[in-house]
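Asker: Structure supplied as my_file-v9.pdb; contents: PDB, C-alpha atoms, pLDDT in the B column.
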```pdb
MODEL        1
ATOM      1  CA  MET E   1     -48.923  59.068  50.114  1.00 44.00           C
ATOM      2  CA  THR E   2     -47.872  57.350  46.928  1.00 42.00           C
ATOM      3  CA  SER E   3     -45.090  54.815  46.895  1.00 41.00           C
ATOM      4  CA  ASP E   4     -41.618  55.325  45.515  1.00 45.00           C
ATOM      5  CA  THR E   5     -41.033  51.610  45.039  1.00 40.00           C
ATOM      6  CA  THR E   6     -42.146  51.621  41.406  1.00 42.00           C
ATOM      7  CA  GLN E   7     -39.058  53.597  40.382  1.00 43.00           C
ATOM      8  CA  THR E   8     -36.726  51.098  38.646  1.00 41.00           C
ATOM      9  CA  GLU E   9     -33.325  52.347  37.640  1.00 43.00           C
ATOM     10  CA  ALA E  10     -31.775  51.997  34.221  1.00 42.00           C
ATOM     11  CA  VAL E  11     -28.329  53.544  33.889  1.00 40.00           C
ATOM     12  CA  PRO E  12     -28.472  56.519  31.509  1.00 45.00           C
ATOM     13  CA  GLU E  13     -25.609  57.914  29.486  1.00 46.00           C
ATOM     14  CA  GLU E  14     -23.795  60.446  31.650  1.00 47.00           C
ATOM     15  CA  THR E  15     -22.597  63.806  30.446  1.00 64.00           C
ATOM     16  CA  GLY E  16     -19.552  65.716  31.605  1.00 82.00           C
ATOM     17  CA  TRP E  17     -21.432  68.910  32.388  1.00 89.00           C
ATOM     18  CA  LEU E  18     -23.832  67.113  34.704  1.00 94.00           C
ATOM     19  CA  ARG E  19     -20.990  65.489  36.624  1.00 92.00           C
ATOM     20  CA  ASP E  20     -19.287  68.907  36.873  1.00 93.00           C
ATOM     21  CA  THR E  21     -22.541  70.420  38.161  1.00 94.00           C
ATOM     22  CA  VAL E  22     -22.737  67.794  40.911  1.00 95.00           C
ATOM     23  CA  ALA E  23     -19.069  68.243  41.837  1.00 94.00           C
ATOM     24  CA  ARG E  24     -19.439  72.013  42.313  1.00 95.00           C
ATOM     25  CA  ALA E  25     -22.671  72.037  44.329  1.00 97.00           C
ATOM     26  CA  GLN E  26     -22.124  72.395  48.072  1.00 97.00           C
ATOM     27  CA  VAL E  27     -25.734  73.461  48.632  1.00 98.00           C
ATOM     28  CA  VAL E  28     -28.744  72.407  46.538  1.00 98.00           C
ATOM     29  CA  LEU E  29     -31.866  74.590  46.510  1.00 98.00           C
ATOM     30  CA  TRP E  30     -34.974  72.811  45.268  1.00 98.00           C
ATOM     31  CA  ASP E  31     -38.203  74.198  43.977  1.00 98.00           C
ATOM     32  CA  PHE E  32     -41.006  72.079  45.437  1.00 98.00           C
ATOM     33  CA  ASP E  33     -43.890  71.561  43.013  1.00 96.00           C
ATOM     34  CA  GLY E  34     -42.236  70.053  39.951  1.00 96.00           C
ATOM     35  CA  PRO E  35     -38.747  68.847  40.829  1.00 98.00           C
ATOM     36  CA  LEU E  36     -39.780  67.127  44.085  1.00 98.00           C
ATOM     37  CA  CYS E  37     -43.392  66.220  43.363  1.00 97.00           C
ATOM     38  CA  ARG E  38     -46.506  66.992  41.353  1.00 96.00           C
ATOM     39  CA  LEU E  39     -48.513  68.699  44.076  1.00 95.00           C
ATOM     40  CA  PHE E  40     -51.726  68.883  42.054  1.00 91.00           C
ATOM     41  CA  ALA E  41     -51.411  65.433  40.491  1.00 83.00           C
ATOM     42  CA  SER E  42     -55.008  64.448  41.225  1.00 77.00           C
ATOM     43  CA  ARG E  43     -56.536  67.919  40.971  1.00 77.00           C
ATOM     44  CA  PRO E  44     -55.325  70.340  38.309  1.00 82.00           C
ATOM     45  CA  ALA E  45     -53.768  73.593  39.484  1.00 84.00           C
ATOM     46  CA  ARG E  46     -56.063  75.389  37.024  1.00 86.00           C
ATOM     47  CA  GLN E  47     -59.069  74.176  39.015  1.00 89.00           C
ATOM     48  CA  VAL E  48     -57.586  75.647  42.182  1.00 89.00           C
ATOM     49  CA  ALA E  49     -56.897  78.934  40.371  1.00 89.00           C
ATOM     50  CA  ASP E  50     -60.484  78.975  39.076  1.00 91.00           C
ATOM     51  CA  GLU E  51     -61.806  78.467  42.612  1.00 91.00           C
ATOM     52  CA  LEU E  52     -59.791  81.452  43.836  1.00 91.00           C
ATOM     53  CA  VAL E  53     -61.200  83.562  40.992  1.00 91.00           C
ATOM     54  CA  ASP E  54     -64.744  82.346  41.789  1.00 91.00           C
ATOM     55  CA  TRP E  55     -64.259  83.264  45.454  1.00 90.00           C
ATOM     56  CA  LEU E  56     -63.214  86.772  44.453  1.00 89.00           C
ATOM     57  CA  ALA E  57     -66.311  86.980  42.238  1.00 88.00           C
ATOM     58  CA  ARG E  58     -68.549  86.053  45.181  1.00 90.00           C
ATOM     59  CA  GLN E  59     -67.004  88.938  47.082  1.00 85.00           C
ATOM     60  CA  GLY E  60     -67.800  91.247  44.174  1.00 86.00           C
ATOM     61  CA  LEU E  61     -64.102  91.724  43.454  1.00 83.00           C
ATOM     62  CA  THR E  62     -63.617  90.336  39.957  1.00 76.00           C
ATOM     63  CA  GLY E  63     -62.483  93.805  38.906  1.00 81.00           C
ATOM     64  CA  LEU E  64     -59.218  93.194  40.752  1.00 83.00           C
ATOM     65  CA  LEU E  65     -58.119  90.890  37.926  1.00 87.00           C
ATOM     66  CA  ASP E  66     -57.734  91.531  34.237  1.00 86.00           C
ATOM     67  CA  ASP E  67     -58.910  89.001  31.642  1.00 86.00           C
ATOM     68  CA  ALA E  68     -55.565  87.185  31.463  1.00 86.00           C
ATOM     69  CA  GLU E  69     -55.335  86.913  35.244  1.00 86.00           C
ATOM     70  CA  ARG E  70     -58.875  85.548  35.496  1.00 86.00           C
ATOM     71  CA  GLU E  71     -57.888  82.822  33.015  1.00 86.00           C
ATOM     72  CA  SER E  72     -54.590  82.022  34.724  1.00 81.00           C
ATOM     73  CA  PRO E  73     -53.872  78.303  35.183  1.00 84.00           C
ATOM     74  CA  ASP E  74     -51.585  79.164  38.103  1.00 86.00           C
ATOM     75  CA  PRO E  75     -53.107  79.883  41.539  1.00 89.00           C
ATOM     76  CA  HIS E  76     -49.935  81.755  42.481  1.00 87.00           C
ATOM     77  CA  GLY E  77     -50.552  84.049  39.528  1.00 85.00           C
ATOM     78  CA  VAL E  78     -53.992  84.926  40.908  1.00 89.00           C
ATOM     79  CA  LEU E  79     -52.591  85.463  44.384  1.00 88.00           C
ATOM     80  CA  ARG E  80     -49.734  87.613  43.106  1.00 85.00           C
ATOM     81  CA  ALA E  81     -52.074  89.758  41.007  1.00 86.00           C
ATOM     82  CA  VAL E  82     -54.340  90.552  43.959  1.00 86.00           C
ATOM     83  CA  ALA E  83     -51.373  91.200  46.260  1.00 84.00           C
ATOM     84  CA  ARG E  84     -49.879  93.587  43.723  1.00 83.00           C
ATOM     85  CA  ARG E  85     -53.004  95.765  43.894  1.00 81.00           C
ATOM     86  CA  HIS E  86     -53.727  95.357  47.601  1.00 75.00           C
ATOM     87  CA  PRO E  87     -50.463  94.610  49.425  1.00 72.00           C
ATOM     88  CA  ARG E  88     -50.787  93.511  53.075  1.00 65.00           C
ATOM     89  CA  ASN E  89     -54.579  93.696  52.870  1.00 75.00           C
ATOM     90  CA  ASP E  90     -56.901  91.344  54.825  1.00 85.00           C
ATOM     91  CA  LEU E  91     -58.312  90.227  51.484  1.00 85.00           C
ATOM     92  CA  VAL E  92     -54.875  88.979  50.437  1.00 86.00           C
ATOM     93  CA  ALA E  93     -54.437  87.157  53.745  1.00 88.00           C
ATOM     94  CA  ASP E  94     -57.815  85.437  53.273  1.00 90.00           C
ATOM     95  CA  LEU E  95     -56.959  84.451  49.702  1.00 90.00           C
ATOM     96  CA  GLU E  96     -53.552  83.107  50.737  1.00 91.00           C
ATOM     97  CA  GLU E  97     -55.158  81.077  53.534  1.00 93.00           C
ATOM     98  CA  ARG E  98     -57.635  79.558  51.068  1.00 92.00           C
ATOM     99  CA  LEU E  99     -54.779  78.573  48.773  1.00 93.00           C
ATOM    100  CA  THR E 100     -52.851  77.025  51.671  1.00 94.00           C
ATOM    101  CA  ARG E 101     -55.857  74.858  52.552  1.00 93.00           C
ATOM    102  CA  GLN E 102     -56.107  73.689  48.944  1.00 92.00           C
ATOM    103  CA  GLU E 103     -52.386  72.901  48.867  1.00 94.00           C
ATOM    104  CA  LEU E 104     -52.636  70.900  52.095  1.00 93.00           C
ATOM    105  CA  LYS E 105     -55.426  68.796  50.592  1.00 91.00           C
ATOM    106  CA  ALA E 106     -53.365  68.255  47.459  1.00 92.00           C
ATOM    107  CA  ALA E 107     -50.267  67.224  49.439  1.00 93.00           C
ATOM    108  CA  ALA E 108     -52.056  64.079  50.637  1.00 90.00           C
ATOM    109  CA  SER E 109     -52.212  62.752  47.063  1.00 92.00           C
ATOM    110  CA  ALA E 110     -49.133  64.442  45.569  1.00 95.00           C
ATOM    111  CA  MET E 111     -47.071  62.259  43.230  1.00 96.00           C
ATOM    112  CA  PRO E 112     -43.322  62.134  43.886  1.00 98.00           C
ATOM    113  CA  THR E 113     -41.276  63.130  40.871  1.00 98.00           C
ATOM    114  CA  PRO E 114     -39.621  59.959  39.517  1.00 98.00           C
ATOM    115  CA  TRP E 115     -36.152  59.479  41.029  1.00 98.00           C
ATOM    116  CA  ALA E 116     -36.550  62.446  43.411  1.00 98.00           C
ATOM    117  CA  ASP E 117     -36.648  60.447  46.652  1.00 98.00           C
ATOM    118  CA  PRO E 118     -33.550  58.303  46.045  1.00 98.00           C
ATOM    119  CA  LEU E 119     -31.731  61.312  44.599  1.00 98.00           C
ATOM    120  CA  ILE E 120     -32.388  63.387  47.718  1.00 98.00           C
ATOM    121  CA  ARG E 121     -31.329  60.599  50.065  1.00 97.00           C
ATOM    122  CA  THR E 122     -28.204  59.746  48.070  1.00 97.00           C
ATOM    123  CA  TRP E 123     -27.080  63.319  47.509  1.00 97.00           C
ATOM    124  CA  THR E 124     -27.588  64.239  51.158  1.00 97.00           C
ATOM    125  CA  ALA E 125     -25.564  61.208  52.235  1.00 94.00           C
ATOM    126  CA  VAL E 126     -22.538  62.261  50.187  1.00 92.00           C
ATOM    127  CA  GLY E 127     -22.256  65.785  51.561  1.00 91.00           C
ATOM    128  CA  PRO E 128     -24.223  68.695  50.052  1.00 95.00           C
ATOM    129  CA  ARG E 129     -26.864  70.357  52.188  1.00 97.00           C
ATOM    130  CA  MET E 130     -30.407  70.685  50.901  1.00 98.00           C
ATOM    131  CA  ALA E 131     -33.051  73.410  51.116  1.00 98.00           C
ATOM    132  CA  VAL E 132     -36.456  74.021  49.551  1.00 98.00           C
ATOM    133  CA  THR E 133     -37.087  77.479  48.084  1.00 98.00           C
ATOM    134  CA  SER E 134     -40.685  77.596  46.906  1.00 98.00           C
ATOM    135  CA  ASN E 135     -43.781  79.702  46.338  1.00 96.00           C
ATOM    136  CA  ASN E 136     -45.854  77.032  48.087  1.00 96.00           C
ATOM    137  CA  SER E 137     -46.780  77.190  51.758  1.00 96.00           C
ATOM    138  CA  PRO E 138     -43.957  75.983  54.046  1.00 97.00           C
ATOM    139  CA  GLN E 139     -46.596  74.085  56.019  1.00 96.00           C
ATOM    140  CA  VAL E 140     -47.484  72.136  52.883  1.00 96.00           C
ATOM    141  CA  ILE E 141     -43.859  71.439  51.977  1.00 98.00           C
ATOM    142  CA  THR E 142     -43.053  70.208  55.479  1.00 97.00           C
ATOM    143  CA  SER E 143     -46.133  67.971  55.503  1.00 96.00           C
ATOM    144  CA  TYR E 144     -45.198  66.357  52.187  1.00 97.00           C
ATOM    145  CA  LEU E 145     -41.533  65.841  53.081  1.00 98.00           C
ATOM    146  CA  ALA E 146     -42.435  64.332  56.447  1.00 97.00           C
ATOM    147  CA  GLY E 147     -44.829  61.910  54.781  1.00 96.00           C
ATOM    148  CA  ARG E 148     -42.079  60.751  52.406  1.00 97.00           C
ATOM    149  CA  GLY E 149     -39.503  60.445  55.201  1.00 97.00           C
ATOM    150  CA  LEU E 150     -37.448  63.208  53.553  1.00 98.00           C
ATOM    151  CA  LEU E 151     -37.792  65.984  56.113  1.00 98.00           C
ATOM    152  CA  PRO E 152     -34.477  65.175  57.873  1.00 97.00           C
ATOM    153  CA  CYS E 153     -32.711  65.810  54.552  1.00 98.00           C
ATOM    154  CA  PHE E 154     -33.970  69.411  54.518  1.00 98.00           C
ATOM    155  CA  ALA E 155     -35.027  70.587  57.965  1.00 96.00           C
ATOM    156  CA  PRO E 156     -34.942  73.303  59.072  1.00 97.00           C
ATOM    157  CA  HIS E 157     -34.208  74.753  55.641  1.00 98.00           C
ATOM    158  CA  VAL E 158     -37.689  74.987  54.145  1.00 98.00           C
ATOM    159  CA  TYR E 159     -38.385  78.441  52.703  1.00 98.00           C
ATOM    160  CA  GLY E 160     -41.880  78.845  51.342  1.00 97.00           C
ATOM    161  CA  ARG E 161     -44.484  81.521  50.828  1.00 94.00           C
ATOM    162  CA  THR E 162     -44.761  84.265  53.424  1.00 90.00           C
ATOM    163  CA  ARG E 163     -47.473  86.877  53.921  1.00 84.00           C
ATOM    164  CA  ASP E 164     -45.265  89.320  51.984  1.00 87.00           C
ATOM    165  CA  LEU E 165     -46.433  88.052  48.612  1.00 87.00           C
ATOM    166  CA  HIS E 166     -44.328  90.493  46.622  1.00 87.00           C
ATOM    167  CA  LEU E 167     -41.419  88.267  47.720  1.00 91.00           C
ATOM    168  CA  LEU E 168     -42.676  85.286  45.718  1.00 93.00           C
ATOM    169  CA  LYS E 169     -40.294  84.097  43.015  1.00 95.00           C
ATOM    170  CA  PRO E 170     -39.087  85.501  40.649  1.00 95.00           C
ATOM    171  CA  ASP E 171     -37.984  87.628  43.598  1.00 96.00           C
ATOM    172  CA  PRO E 172     -34.832  85.931  44.976  1.00 98.00           C
ATOM    173  CA  HIS E 173     -35.890  86.369  48.623  1.00 98.00           C
ATOM    174  CA  SER E 174     -36.364  82.671  49.455  1.00 98.00           C
ATOM    175  CA  LEU E 175     -33.041  81.737  47.853  1.00 98.00           C
ATOM    176  CA  GLU E 176     -31.195  84.500  49.661  1.00 98.00           C
ATOM    177  CA  ARG E 177     -32.685  83.413  52.990  1.00 98.00           C
ATOM    178  CA  ALA E 178     -31.540  79.859  52.368  1.00 98.00           C
ATOM    179  CA  LEU E 179     -28.023  80.929  51.388  1.00 98.00           C
ATOM    180  CA  SER E 180     -27.731  83.186  54.428  1.00 98.00           C
ATOM    181  CA  ASP E 181     -28.943  80.536  56.880  1.00 98.00           C
ATOM    182  CA  LEU E 182     -26.681  77.888  55.332  1.00 98.00           C
ATOM    183  CA  GLY E 183     -23.692  80.234  55.210  1.00 97.00           C
ATOM    184  CA  ALA E 184     -23.214  79.451  51.518  1.00 97.00           C
ATOM    185  CA  ALA E 185     -21.860  81.593  48.704  1.00 98.00           C
ATOM    186  CA  PRO E 186     -24.207  81.790  45.698  1.00 98.00           C
ATOM    187  CA  GLY E 187     -21.584  80.373  43.374  1.00 97.00           C
ATOM    188  CA  ASN E 188     -21.257  77.240  45.498  1.00 97.00           C
ATOM    189  CA  ALA E 189     -24.984  76.520  45.320  1.00 98.00           C
ATOM    190  CA  LEU E 190     -27.249  75.011  42.692  1.00 98.00           C
ATOM    191  CA  MET E 191     -30.949  75.586  42.185  1.00 98.00           C
ATOM    192  CA  ILE E 192     -33.162  72.968  40.549  1.00 98.00           C
ATOM    193  CA  GLY E 193     -36.454  74.341  39.271  1.00 98.00           C
ATOM    194  CA  ASP E 194     -39.033  73.834  36.557  1.00 97.00           C
ATOM    195  CA  SER E 195     -40.277  77.322  35.756  1.00 96.00           C
ATOM    196  CA  PRO E 196     -38.960  80.590  34.328  1.00 96.00           C
ATOM    197  CA  SER E 197     -39.649  82.272  37.689  1.00 96.00           C
ATOM    198  CA  ASP E 198     -37.265  79.783  39.346  1.00 98.00           C
ATOM    199  CA  HIS E 199     -34.605  80.633  36.785  1.00 98.00           C
ATOM    200  CA  HIS E 200     -35.100  84.385  37.169  1.00 98.00           C
ATOM    201  CA  ALA E 201     -34.854  84.102  40.966  1.00 98.00           C
ATOM    202  CA  ALA E 202     -31.667  82.032  40.717  1.00 98.00           C
ATOM    203  CA  THR E 203     -30.138  84.498  38.270  1.00 98.00           C
ATOM    204  CA  ALA E 204     -30.967  87.426  40.559  1.00 98.00           C
ATOM    205  CA  ALA E 205     -29.388  85.591  43.505  1.00 98.00           C
ATOM    206  CA  GLY E 206     -26.293  84.627  41.501  1.00 98.00           C
ATOM    207  CA  VAL E 207     -27.015  80.893  41.867  1.00 98.00           C
ATOM    208  CA  PRO E 208     -26.306  78.421  39.026  1.00 98.00           C
ATOM    209  CA  PHE E 209     -29.525  76.897  37.709  1.00 98.00           C
ATOM    210  CA  LEU E 210     -30.511  73.457  36.434  1.00 98.00           C
ATOM    211  CA  GLY E 211     -33.893  73.188  34.747  1.00 98.00           C
ATOM    212  CA  TYR E 212     -36.132  70.172  35.163  1.00 98.00           C
ATOM    213  CA  ALA E 213     -38.882  69.697  32.569  1.00 97.00           C
ATOM    214  CA  ARG E 214     -41.270  66.757  32.763  1.00 94.00           C
ATOM    215  CA  ASN E 215     -42.670  67.459  29.306  1.00 95.00           C
ATOM    216  CA  ALA E 216     -41.912  69.315  26.096  1.00 96.00           C
ATOM    217  CA  HIS E 217     -44.071  72.298  27.040  1.00 94.00           C
ATOM    218  CA  LYS E 218     -42.146  72.836  30.285  1.00 95.00           C
ATOM    219  CA  ALA E 219     -38.865  72.447  28.401  1.00 97.00           C
ATOM    220  CA  ALA E 220     -39.890  75.052  25.833  1.00 97.00           C
ATOM    221  CA  LEU E 221     -40.821  77.565  28.549  1.00 96.00           C
ATOM    222  CA  LEU E 222     -37.434  77.114  30.213  1.00 97.00           C
ATOM    223  CA  THR E 223     -35.544  77.387  26.951  1.00 97.00           C
ATOM    224  CA  GLU E 224     -37.434  80.541  25.980  1.00 97.00           C
ATOM    225  CA  ALA E 225     -36.493  82.004  29.390  1.00 97.00           C
ATOM    226  CA  GLY E 226     -32.818  81.470  28.592  1.00 96.00           C
ATOM    227  CA  VAL E 227     -32.144  78.257  30.511  1.00 97.00           C
ATOM    228  CA  THR E 228     -29.290  76.378  28.829  1.00 94.00           C
ATOM    229  CA  ARG E 229     -29.154  73.289  31.071  1.00 95.00           C
ATOM    230  CA  VAL E 230     -32.406  71.307  31.105  1.00 96.00           C
ATOM    231  CA  ILE E 231     -33.014  67.648  32.004  1.00 96.00           C
ATOM    232  CA  ASP E 232     -36.255  65.755  31.464  1.00 96.00           C
ATOM    233  CA  SER E 233     -35.555  63.162  34.170  1.00 97.00           C
ATOM    234  CA  LEU E 234     -33.758  63.172  37.506  1.00 97.00           C
ATOM    235  CA  GLN E 235     -32.323  59.742  36.757  1.00 96.00           C
ATOM    236  CA  PRO E 236     -29.122  60.980  35.054  1.00 95.00           C
ATOM    237  CA  LEU E 237     -28.609  63.380  37.942  1.00 96.00           C
ATOM    238  CA  LEU E 238     -28.819  60.475  40.393  1.00 96.00           C
ATOM    239  CA  THR E 239     -26.305  58.561  38.273  1.00 94.00           C
ATOM    240  CA  ALA E 240     -23.979  61.589  38.261  1.00 95.00           C
ATOM    241  CA  VAL E 241     -24.230  61.869  42.059  1.00 95.00           C
ATOM    242  CA  ARG E 242     -23.378  58.188  42.476  1.00 94.00           C
ATOM    243  CA  ALA E 243     -20.470  58.471  40.043  1.00 92.00           C
ATOM    244  CA  HIS E 244     -19.116  61.517  41.877  1.00 91.00           C
ATOM    245  CA  ALA E 245     -19.410  59.690  45.214  1.00 91.00           C
ATOM    246  CA  ALA E 246     -17.529  56.705  43.843  1.00 91.00           C
ATOM    247  CA  ALA E 247     -14.806  58.905  42.355  1.00 88.00           C
ATOM    248  CA  THR E 248     -14.259  60.861  45.579  1.00 85.00           C
ATOM    249  CA  GLY E 249     -14.637  57.965  47.962  1.00 78.00           C
ATOM    250  CA  SER E 250     -17.717  59.479  49.618  1.00 73.00           C
ATOM    251  CA  PRO E 251     -19.928  57.090  51.620  1.00 70.00           C
TER     252      PRO E 251
ENDMDL
END
```
Please express the file's structure as structure tokens.

Answerer:
Amino acid sequence: MTSDTTQTEAVPEETGWLRDTVARAQVVLWDFDGPLCRLFASRPARQVADELVDWLARQGLTGLLDDAERESPDPHGVLRAVARRHPRNDLVADLEERLTRQELKAAASAMPTPWADPLIRTWTAVGPRMAVTSNNSPQVITSYLAGRGLLPCFAPHVYGRTRDLHLLKPDPHSLERALSDLGAAPGNALMIGDSPSDHHAATAAGVPFLGYARNAHKAALLTEAGVTRVIDSLQPLLTAVRAHAAATGSP
């Protein structure tokens, strides 16, 4: 695992809306790959997607994908496309298992998103409950969080990919499971995600959404999807959490 000790804090300028967002959130739902870490930091996700496509080709099944799907940089896009045509098929189960193995390998070298670890620990300490709502394998998420010492901040509320692949985000299934298990109203929750599918799932579940974009391309995708609140660093969010804790006398 990579170290979090290189993260050095500089106090950013706070904004009122971010402090208000922190004050309202009783439950925080996190996407995994993006806001918490870069899962495929040392091995591009496109390479994993290409390997899934190549495996389908070796089975003589390239016809299951159209040209755009075969060129997808997102392994979940490949998985979703096959599942859409062959729901609950053994082929889909085999493909999902192959992706899970690739994700587990990637988790060993995943890069923590700057400021994510201290933000999680600080925010958990001052009250809100945390959950992960992701299209990645729950086994992978749990492995990564345990390696970072973050699992106690989330467990048992890790909601990842199931064998029912039609329930992947943008379907709100994982968010609704988290809200139900936590006994939380959608309006009292906050989702932090980095993709349009995260935003669409949050909207469908009635959960306020905060976009995280590590680069201009990610920010543009979120903006085009209608996201109005986007941050390019978790640092101001950490500052807002600390300010809220100081103002309310939280530990």

Asker: Between E:Ala245, E:Ala184, E:Ala81, E:Leu36, single out the one closest to Ala213 of chain E, counting only C-alpha atoms.

Answerer: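 Among the listed residues, E:Leu36 lies closest to Ala213 of chain E.
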
Asker: Run the PyMOL selection byres ((chain E and resi 186) around 10) against the file shown and list the residues it catches, as a ChimeraX atom specification.

Answerer: /E:25-27,175-176,179-180,183-185,187-191,202-203,205-208

Asker: Which protein, DNA or RNA residues have an atom at most 9 Å from (-55.6, 72.5, 47.3), counting all atoms listed in the file? List them as a ChimeraX atom specification.

Answerer: /E:39-40,43,45,48,98-107

Asker: Restricted to C-alpha atoms, what would the selected residues look like written as a PDB file, in the frame of the given file?

Answerer:
```pdb
ATOM      1  CA  LEU E  39     -48.513  68.699  44.076  1.00 95.00           C
ATOM      2  CA  PHE E  40     -51.726  68.883  42.054  1.00 91.00           C
ATOM      3  CA  ARG E  43     -56.536  67.919  40.971  1.00 77.00           C
ATOM      4  CA  ALA E  45     -53.768  73.593  39.484  1.00 84.00           C
ATOM      5  CA  VAL E  48     -57.586  75.647  42.182  1.00 89.00           C
ATOM      6  CA  ARG E  98     -57.635  79.558  51.068  1.00 92.00           C
ATOM      7  CA  LEU E  99     -54.779  78.573  48.773  1.00 93.00           C
ATOM      8  CA  THR E 100     -52.851  77.025  51.671  1.00 94.00           C
ATOM      9  CA  ARG E 101     -55.857  74.858  52.552  1.00 93.00           C
ATOM     10  CA  GLN E 102     -56.107  73.689  48.944  1.00 92.00           C
ATOM     11  CA  GLU E 103     -52.386  72.901  48.867  1.00 94.00           C
ATOM     12  CA  LEU E 104     -52.636  70.900  52.095  1.00 93.00           C
ATOM     13  CA  LYS E 105     -55.426  68.796  50.592  1.00 91.00           C
ATOM     14  CA  ALA E 106     -53.365  68.255  47.459  1.00 92.00           C
ATOM     15  CA  ALA E 107     -50.267  67.224  49.439  1.00 93.00           C
TER      16      ALA E 107
END
```

Asker: Can I get the residues of segment 30-55 of chain E within 7 Å of segment 122-145 of chain E, each with the closest pair of atoms and their distance in Å to one decimal, using all atoms listed in the file, sorted chain first then ascending number, as CSV?

Answerer:
```
residue,atom,partner,partner_atom,distance
E:Trp30,CA,E:Val132,CA,4.7
E:Asp31,CA,E:Ser134,CA,5.1
E:Phe32,CA,E:Ser134,CA,5.7
```

Asker: Need to verify the contact set: Ala93 of chain E, 10 Å, all atoms listed in the file, exclusion of same-chain residues closer than 3 positions in sequence. Can you return it as a list in words?

Answerer: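 Result of the neighbour search: Leu79, Ala83, Pro87, Arg88, Asn89, Asp90, Glu96, Glu97, Arg98, Leu99, Arg163, Asp164 and Leu165 of chain E.
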
Asker: Ranking E:Asp117, E:Val82, E:Glu224, E:Leu18 by minimum distance to Gly63 of chain E and counting all atoms listed in the file, which one comes first?

Answerer: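 Of the candidates, the smallest distance to Gly63 of chain E is held by E:Val82.
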
Asker: Mind giving me the straight-line distance from atom CA of Ala216 of chain E to atom CA of Val158 of chain E in Å, one decimal?

Answerer: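 Taking atom CA of Ala216 of chain E and atom CA of Val158 of chain E, their separation equals 28.9 Å.
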
Asker: Considering all atoms listed in the file, can you say which of E:Leu65, E:Leu91, E:Val78, E:Ile231 comes closest to Ala49 of chain E?

Answerer: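 Of E:Leu65, E:Leu91, E:Val78, E:Ile231, the one nearest Ala49 of chain E is E:Val78, counting all atoms listed in the file.
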
Asker: Where does the PyMOL selection byres ((chain E and resi 219) around 12) land in this file, that is, which residues does it pick, as a PDB file with C-alpha atoms, in the frame of the given file?

Answerer:
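The result, stored in expr-v4.pdb:
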```
ATOM      1  CA  GLY E 193     -36.454  74.341  39.271  1.00 98.00           C
ATOM      2  CA  ASP E 194     -39.033  73.834  36.557  1.00 97.00           C
ATOM      3  CA  SER E 195     -40.277  77.322  35.756  1.00 96.00           C
ATOM      4  CA  PRO E 196     -38.960  80.590  34.328  1.00 96.00           C
ATOM      5  CA  LEU E 210     -30.511  73.457  36.434  1.00 98.00           C
ATOM      6  CA  GLY E 211     -33.893  73.188  34.747  1.00 98.00           C
ATOM      7  CA  TYR E 212     -36.132  70.172  35.163  1.00 98.00           C
ATOM      8  CA  ALA E 213     -38.882  69.697  32.569  1.00 97.00           C
ATOM      9  CA  ARG E 214     -41.270  66.757  32.763  1.00 94.00           C
ATOM     10  CA  ASN E 215     -42.670  67.459  29.306  1.00 95.00           C
ATOM     11  CA  ALA E 216     -41.912  69.315  26.096  1.00 96.00           C
ATOM     12  CA  HIS E 217     -44.071  72.298  27.040  1.00 94.00           C
ATOM     13  CA  LYS E 218     -42.146  72.836  30.285  1.00 95.00           C
ATOM     14  CA  ALA E 220     -39.890  75.052  25.833  1.00 97.00           C
ATOM     15  CA  LEU E 221     -40.821  77.565  28.549  1.00 96.00           C
ATOM     16  CA  LEU E 222     -37.434  77.114  30.213  1.00 97.00           C
ATOM     17  CA  THR E 223     -35.544  77.387  26.951  1.00 97.00           C
ATOM     18  CA  GLU E 224     -37.434  80.541  25.980  1.00 97.00           C
ATOM     19  CA  ALA E 225     -36.493  82.004  29.390  1.00 97.00           C
ATOM     20  CA  GLY E 226     -32.818  81.470  28.592  1.00 96.00           C
ATOM     21  CA  VAL E 227     -32.144  78.257  30.511  1.00 97.00           C
ATOM     22  CA  THR E 228     -29.290  76.378  28.829  1.00 94.00           C
ATOM     23  CA  ARG E 229     -29.154  73.289  31.071  1.00 95.00           C
ATOM     24  CA  VAL E 230     -32.406  71.307  31.105  1.00 96.00           C
ATOM     25  CA  ILE E 231     -33.014  67.648  32.004  1.00 96.00           C
ATOM     26  CA  ASP E 232     -36.255  65.755  31.464  1.00 96.00           C
ATOM     27  CA  SER E 233     -35.555  63.162  34.170  1.00 97.00           C
TER      28      SER E 233
END
```

Asker: When you draw a straight line from atom CA of Leu237 of chain E to atom CA of Cys153 of chain E, how long is it in Å?

Answerer: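 According to the coordinates, atom CA of Leu237 of chain E and atom CA of Cys153 of chain E are separated by 17.3 Å.
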
Asker: What gap, in Å, lies between atom CA of Gly16 of chain E and atom CA of Pro114 of chain E?

Answerer: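 Answer for the atom CA of Gly16 of chain E to atom CA of Pro114 of chain E separation: 22.3 Å.
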
Asker: Which of these, E:Arg177, E:Arg121, E:Arg19, E:Arg58, has the shortest distance to Ala243 of chain E once you count only C-alpha atoms?

Answerer: E:Arg19

Asker: Set up a box along x, y and z of the file covering all listed atoms of segment 227-235 of chain E, add 5 Å on every one of the six sides, and write the centre and edge lengths in Å to one decimal, as AutoDock Vina command-line options.

Answerer:
```
--center_x -32.7 --center_y 69.0 --center_z 33.2 --size_x 17.1 --size_y 28.5 --size_z 18.7
```

Asker: Would you please work out which residue, of E:Met111, E:Ala155, E:Leu56, E:Leu64, is nearest to Asp94 of chain E when using all atoms listed in the file?

Answerer: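 Closest to Asp94 of chain E, using all atoms listed in the file: E:Leu56.
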
Asker: So what does the PyMOL selection byres ((chain E and resi 112) around 10) actually pick up in this one, as a list in words?

Answerer: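 When the PyMOL selection byres ((chain E and resi 112) around 10) is applied, the selected residues are Met1, Thr2, Ser3, Asp4, Asp33, Gly34, Pro35, Leu36, Cys37, Arg38, Leu39, Ala41, Ser109, Ala110, Met111, Thr113, Pro114, Trp115, Ala116, Asp117, Tyr144 and Arg148 of chain E.
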